[in-house]
Amino acid sequence: VRNERQNKSYAYNHQVPTSKKSILHYKVINQTDHYTLLEVNLMTGRHHQIRCQLSNMDCPIKGDLKYGAPRSNPDGGISLLSHRVEFVHPVSKETICVESPLPKDNLWQAIGNI
């Protein structure tokens, strides 16, 4: 459920009035003692969906104060990265795949080095 006034969404394990179904699949890619790198595949595209659903599972994104992280990242951002996006082009029907490098940050480099 989206709260426009707060610019925040809330996830529930059951249907509530004004709610929209949101689905994502994830798998664990790597772990450290304190952090887990996930691959997330969105089946729906809802407002703050990844942030909201991970927070609802008691797994907030590093640095995401709005959704329950205990502290912010030094730069004020959150540790959410669209590393790879893949889709079918609507006209050519070709599969388009775009990848970005991991940030040059010690944690990203340590946990992403698999």
# chains A, B, ... in the order shown; residues from 1 in each chain; ligands from 1
$ select_by_dssp --residues "range 18-72 of chain A" --states "strand (DSSP E)" --output "PyMOL selection string"
chain A and resi 24-31+36-42
$ residues_around --residues "Asp58 in chain A" --least-positions-apart "6" --cutoff "10 Å" --atoms "only C-alpha atoms" --output "ChimeraX atom specification"
/A:67-69
$ select_by_dssp --residues "chain A" --states "helix (DSSP H, G or I)" --output "list in words"
Gln49, Ile50, Arg51, Cys52, Gln53, Leu54, Ser55, Asn56, Leu65, Lys66, Tyr67, Asn106, Leu107, Trp108, Gln109, Ala110, Ile111 and Gly112 of chain A
$ write_last_selection --atoms "N, CA and C atoms" --output "mmCIF file, in the first residue's frame"
data_model
loop_
_atom_site.group_PDB
_atom_site.id
_atom_site.type_symbol
_atom_site.label_atom_id
_atom_site.label_comp_id
_atom_site.auth_asym_id
_atom_site.auth_seq_id
_atom_site.Cartn_x
_atom_site.Cartn_y
_atom_site.Cartn_z
ATOM 1 N N GLN A 49 9.240 -1.075 -4.309
ATOM 2 C CA GLN A 49 8.915 -2.486 -4.078
ATOM 3 C C GLN A 49 10.042 -3.271 -3.417
ATOM 4 N N ILE A 50 11.246 -3.192 -3.942
ATOM 5 C CA ILE A 50 12.347 -3.968 -3.377
ATOM 6 C C ILE A 50 12.612 -3.513 -1.946
ATOM 7 N N ARG A 51 12.695 -2.220 -1.745
ATOM 8 C CA ARG A 51 12.970 -1.667 -0.420
ATOM 9 C C ARG A 51 11.909 -2.099 0.580
ATOM 10 N N CYS A 52 10.663 -1.989 0.184
ATOM 11 C CA CYS A 52 9.524 -2.293 1.040
ATOM 12 C C CYS A 52 9.447 -3.778 1.384
ATOM 13 N N GLN A 53 9.557 -4.627 0.383
ATOM 14 C CA GLN A 53 9.408 -6.060 0.632
ATOM 15 C C GLN A 53 10.584 -6.633 1.422
ATOM 16 N N LEU A 54 11.805 -6.189 1.144
ATOM 17 C CA LEU A 54 12.933 -6.669 1.937
ATOM 18 C C LEU A 54 12.821 -6.193 3.384
ATOM 19 N N SER A 55 12.408 -4.970 3.586
ATOM 20 C CA SER A 55 12.201 -4.462 4.939
ATOM 21 C C SER A 55 11.149 -5.277 5.682
ATOM 22 N N ASN A 56 10.086 -5.642 4.982
ATOM 23 C CA ASN A 56 9.013 -6.439 5.577
ATOM 24 C C ASN A 56 9.519 -7.815 6.023
ATOM 25 N N LEU A 65 17.461 4.212 5.612
ATOM 26 C CA LEU A 65 16.829 4.622 6.869
ATOM 27 C C LEU A 65 15.308 4.616 6.781
ATOM 28 N N LYS A 66 14.771 5.000 5.635
ATOM 29 C CA LYS A 66 13.319 5.062 5.466
ATOM 30 C C LYS A 66 12.664 3.703 5.696
ATOM 31 N N TYR A 67 13.373 2.636 5.332
ATOM 32 C CA TYR A 67 12.807 1.299 5.433
ATOM 33 C C TYR A 67 13.511 0.422 6.469
ATOM 34 N N ASN A 106 34.565 -0.648 -0.919
ATOM 35 C CA ASN A 106 35.154 -1.853 -0.329
ATOM 36 C C ASN A 106 34.136 -2.966 -0.111
ATOM 37 N N LEU A 107 32.951 -2.638 0.403
ATOM 38 C CA LEU A 107 31.949 -3.673 0.657
ATOM 39 C C LEU A 107 31.454 -4.285 -0.654
ATOM 40 N N TRP A 108 31.104 -3.441 -1.634
ATOM 41 C CA TRP A 108 30.647 -3.964 -2.920
ATOM 42 C C TRP A 108 31.717 -4.857 -3.546
ATOM 43 N N GLN A 109 32.964 -4.432 -3.484
ATOM 44 C CA GLN A 109 34.042 -5.219 -4.088
ATOM 45 C C GLN A 109 34.241 -6.538 -3.351
ATOM 46 N N ALA A 110 34.133 -6.523 -2.030
ATOM 47 C CA ALA A 110 34.331 -7.753 -1.242
ATOM 48 C C ALA A 110 33.198 -8.745 -1.452
ATOM 49 N N ILE A 111 31.974 -8.260 -1.385
ATOM 50 C CA ILE A 111 30.819 -9.179 -1.471
ATOM 51 C C ILE A 111 30.479 -9.521 -2.909
ATOM 52 N N GLY A 112 30.833 -8.649 -3.845
ATOM 53 C CA GLY A 112 30.526 -8.898 -5.247
ATOM 54 C C GLY A 112 31.588 -9.718 -5.953
#
$ residues_around --residues "range 42-45 of chain A" --least-positions-apart "6" --cutoff "10 Å" --atoms "only C-alpha atoms" --output "number ranges by chain"
A: 20-26
$ residues_around --residues "Val98 in chain A" --least-positions-apart "2" --cutoff "12 Å" --atoms "only C-alpha atoms" --output "list in words"
Ser82, His83, Arg84, Val85, Glu86, Phe87, Val88, Thr95, Ile96, Ser100 and Pro101 of chain A
$ write_last_selection --atoms "N, CA, C and O atoms" --output "tab-separated table (two decimals), in the first residue's frame"
chain	number	residue	atom	x	y	z
A	82	SER	N	21.07	-1.57	-9.67
A	82	SER	CA	20.57	-2.32	-10.82
A	82	SER	C	21.80	-2.70	-11.63
A	82	SER	O	22.25	-1.96	-12.51
A	83	HIS	N	22.36	-3.85	-11.32
A	83	HIS	CA	23.60	-4.32	-11.95
A	83	HIS	C	23.35	-4.81	-13.37
A	83	HIS	O	24.16	-4.62	-14.26
A	84	ARG	N	22.19	-5.46	-13.56
A	84	ARG	CA	21.85	-5.97	-14.89
A	84	ARG	C	20.36	-5.86	-15.12
A	84	ARG	O	19.56	-6.21	-14.27
A	85	VAL	N	20.00	-5.34	-16.29
A	85	VAL	CA	18.60	-5.24	-16.69
A	85	VAL	C	18.47	-5.95	-18.03
A	85	VAL	O	19.27	-5.72	-18.94
A	86	GLU	N	17.46	-6.80	-18.13
A	86	GLU	CA	17.25	-7.53	-19.37
A	86	GLU	C	15.76	-7.47	-19.73
A	86	GLU	O	14.91	-7.64	-18.87
A	87	PHE	N	15.48	-7.18	-21.01
A	87	PHE	CA	14.10	-7.11	-21.46
A	87	PHE	C	14.04	-7.38	-22.95
A	87	PHE	O	15.05	-7.32	-23.65
A	88	VAL	N	12.86	-7.67	-23.45
A	88	VAL	CA	12.65	-7.90	-24.88
A	88	VAL	C	12.21	-6.57	-25.50
A	88	VAL	O	11.26	-5.94	-25.04
A	95	THR	N	16.39	-9.53	-27.40
A	95	THR	CA	16.65	-9.41	-25.97
A	95	THR	C	17.73	-8.36	-25.77
A	95	THR	O	18.80	-8.43	-26.37
A	96	ILE	N	17.43	-7.36	-24.96
A	96	ILE	CA	18.37	-6.29	-24.65
A	96	ILE	C	18.88	-6.55	-23.24
A	96	ILE	O	18.09	-6.75	-22.31
A	100	SER	N	25.97	-2.91	-15.53
A	100	SER	CA	26.80	-1.85	-14.98
A	100	SER	C	27.84	-2.49	-14.05
A	100	SER	O	27.59	-3.54	-13.47
A	101	PRO	N	28.99	-1.85	-13.91
A	101	PRO	CA	30.00	-2.40	-12.99
A	101	PRO	C	29.58	-2.17	-11.54
A	101	PRO	O	28.75	-1.30	-11.25
$ residues_around --residues "Gly76 in chain A" --least-positions-apart "5" --cutoff "10 Å" --atoms "only C-alpha atoms" --output "VMD selection string"
chain A and resid 63 to 65 71
$ write_last_selection --atoms "N, CA and C atoms" --output "compact mmCIF listing (two decimals), in the first residue's frame"
# COMPACT_ATOMS: atom_id res chain seq x y z
N GLY A 63 21.88 1.18 4.51
CA GLY A 63 21.78 2.63 4.35
C GLY A 63 20.37 3.15 4.16
N ASP A 64 19.36 2.29 4.07
CA ASP A 64 17.99 2.72 3.78
C ASP A 64 17.23 3.03 5.07
N LEU A 65 17.46 4.21 5.61
CA LEU A 65 16.83 4.62 6.87
C LEU A 65 15.31 4.62 6.78
N ARG A 71 21.56 2.53 10.21
CA ARG A 71 22.36 3.75 10.00
C ARG A 71 22.49 4.02 8.50
$ closest_residue --among "A:Asn13, A:Gly77, A:Ser19, A:Ile61" --to "Leu38 in chain A" --atoms "only C-alpha atoms"
A:Ile61
$ atom_distance --atom1 "CA of Leu37 in chain A" --atom2 "CA of Gln6 in chain A"
27.8 Å
$ residues_around --residues "Asn3 in chain A" --least-positions-apart "5" --cutoff "12 Å" --atoms "only C-alpha atoms" --output "tab-separated table (two decimals) with all heavy atoms, in the first residue's frame"
chain	number	residue	atom	x	y	z
A	8	LYS	N	6.21	6.58	0.95
A	8	LYS	CA	6.63	5.28	1.45
A	8	LYS	C	5.55	4.26	1.16
A	8	LYS	O	4.37	4.61	1.05
A	8	LYS	CB	6.86	5.39	2.97
A	8	LYS	CG	7.48	4.18	3.59
A	8	LYS	CD	7.82	4.44	5.06
A	8	LYS	CE	8.37	3.17	5.69
A	8	LYS	NZ	8.74	3.36	7.08
A	9	SER	N	5.95	3.01	1.01
A	9	SER	CA	4.98	1.93	0.80
A	9	SER	C	5.08	0.92	1.93
A	9	SER	O	6.12	0.81	2.58
A	9	SER	CB	5.24	1.23	-0.54
A	9	SER	OG	4.90	2.10	-1.60
A	10	TYR	N	4.00	0.19	2.13
A	10	TYR	CA	3.93	-0.81	3.20
A	10	TYR	C	3.50	-2.14	2.61
A	10	TYR	O	2.59	-2.20	1.79
A	10	TYR	CB	2.94	-0.36	4.28
A	10	TYR	CG	3.40	0.88	5.00
A	10	TYR	CD1	3.09	2.14	4.50
A	10	TYR	CD2	4.17	0.78	6.14
A	10	TYR	CE1	3.53	3.29	5.15
A	10	TYR	CE2	4.63	1.93	6.79
A	10	TYR	CZ	4.30	3.17	6.29
A	10	TYR	OH	4.74	4.30	6.92
A	11	ALA	N	4.17	-3.21	3.02
A	11	ALA	CA	3.86	-4.55	2.53
A	11	ALA	C	3.09	-5.32	3.59
A	11	ALA	O	3.34	-5.19	4.78
A	11	ALA	CB	5.15	-5.30	2.19
A	18	THR	N	-7.12	-1.06	-0.90
A	18	THR	CA	-6.23	-0.22	-1.73
A	18	THR	C	-4.88	-0.85	-2.01
A	18	THR	O	-4.02	-0.21	-2.60
A	18	THR	CB	-6.03	1.21	-1.17
A	18	THR	OG1	-5.17	1.15	-0.02
A	18	THR	CG2	-7.34	1.89	-0.82
A	19	SER	N	-4.67	-2.10	-1.60
A	19	SER	CA	-3.37	-2.74	-1.86
A	19	SER	C	-3.30	-3.23	-3.30
A	19	SER	O	-4.32	-3.49	-3.93
A	19	SER	CB	-3.13	-3.90	-0.89
A	19	SER	OG	-4.04	-4.95	-1.13
A	47	HIS	N	5.83	0.90	-6.31
A	47	HIS	CA	6.56	1.98	-5.64
A	47	HIS	C	7.44	1.41	-4.52
A	47	HIS	O	6.95	0.74	-3.63
A	47	HIS	CB	5.53	2.96	-5.05
A	47	HIS	CG	6.12	4.11	-4.33
A	47	HIS	ND1	6.18	4.15	-2.95
A	47	HIS	CD2	6.67	5.26	-4.77
A	47	HIS	CE1	6.73	5.29	-2.57
A	47	HIS	NE2	7.04	5.98	-3.66
A	48	HIS	N	8.74	1.65	-4.60
A	48	HIS	CA	9.72	1.20	-3.60
A	48	HIS	C	9.60	-0.30	-3.31
A	48	HIS	O	9.86	-0.74	-2.20
A	48	HIS	CB	9.57	1.97	-2.29
A	48	HIS	CG	9.91	3.41	-2.39
A	48	HIS	ND1	9.78	4.27	-1.33
A	48	HIS	CD2	10.37	4.18	-3.42
A	48	HIS	CE1	10.15	5.49	-1.68
A	48	HIS	NE2	10.51	5.45	-2.95
A	52	CYS	N	10.66	-1.99	0.18
A	52	CYS	CA	9.52	-2.29	1.04
A	52	CYS	C	9.45	-3.78	1.38
A	52	CYS	O	9.29	-4.16	2.55
A	52	CYS	CB	8.25	-1.82	0.34
A	52	CYS	SG	6.75	-2.14	1.23
$ atom_distance --atom1 "CA of Thr36 in chain A" --atom2 "CA of Lys62 in chain A"
9.7 Å
$ atom_distance --atom1 "CA of Pro74 in chain A" --atom2 "CA of Thr32 in chain A"
19.6 Å
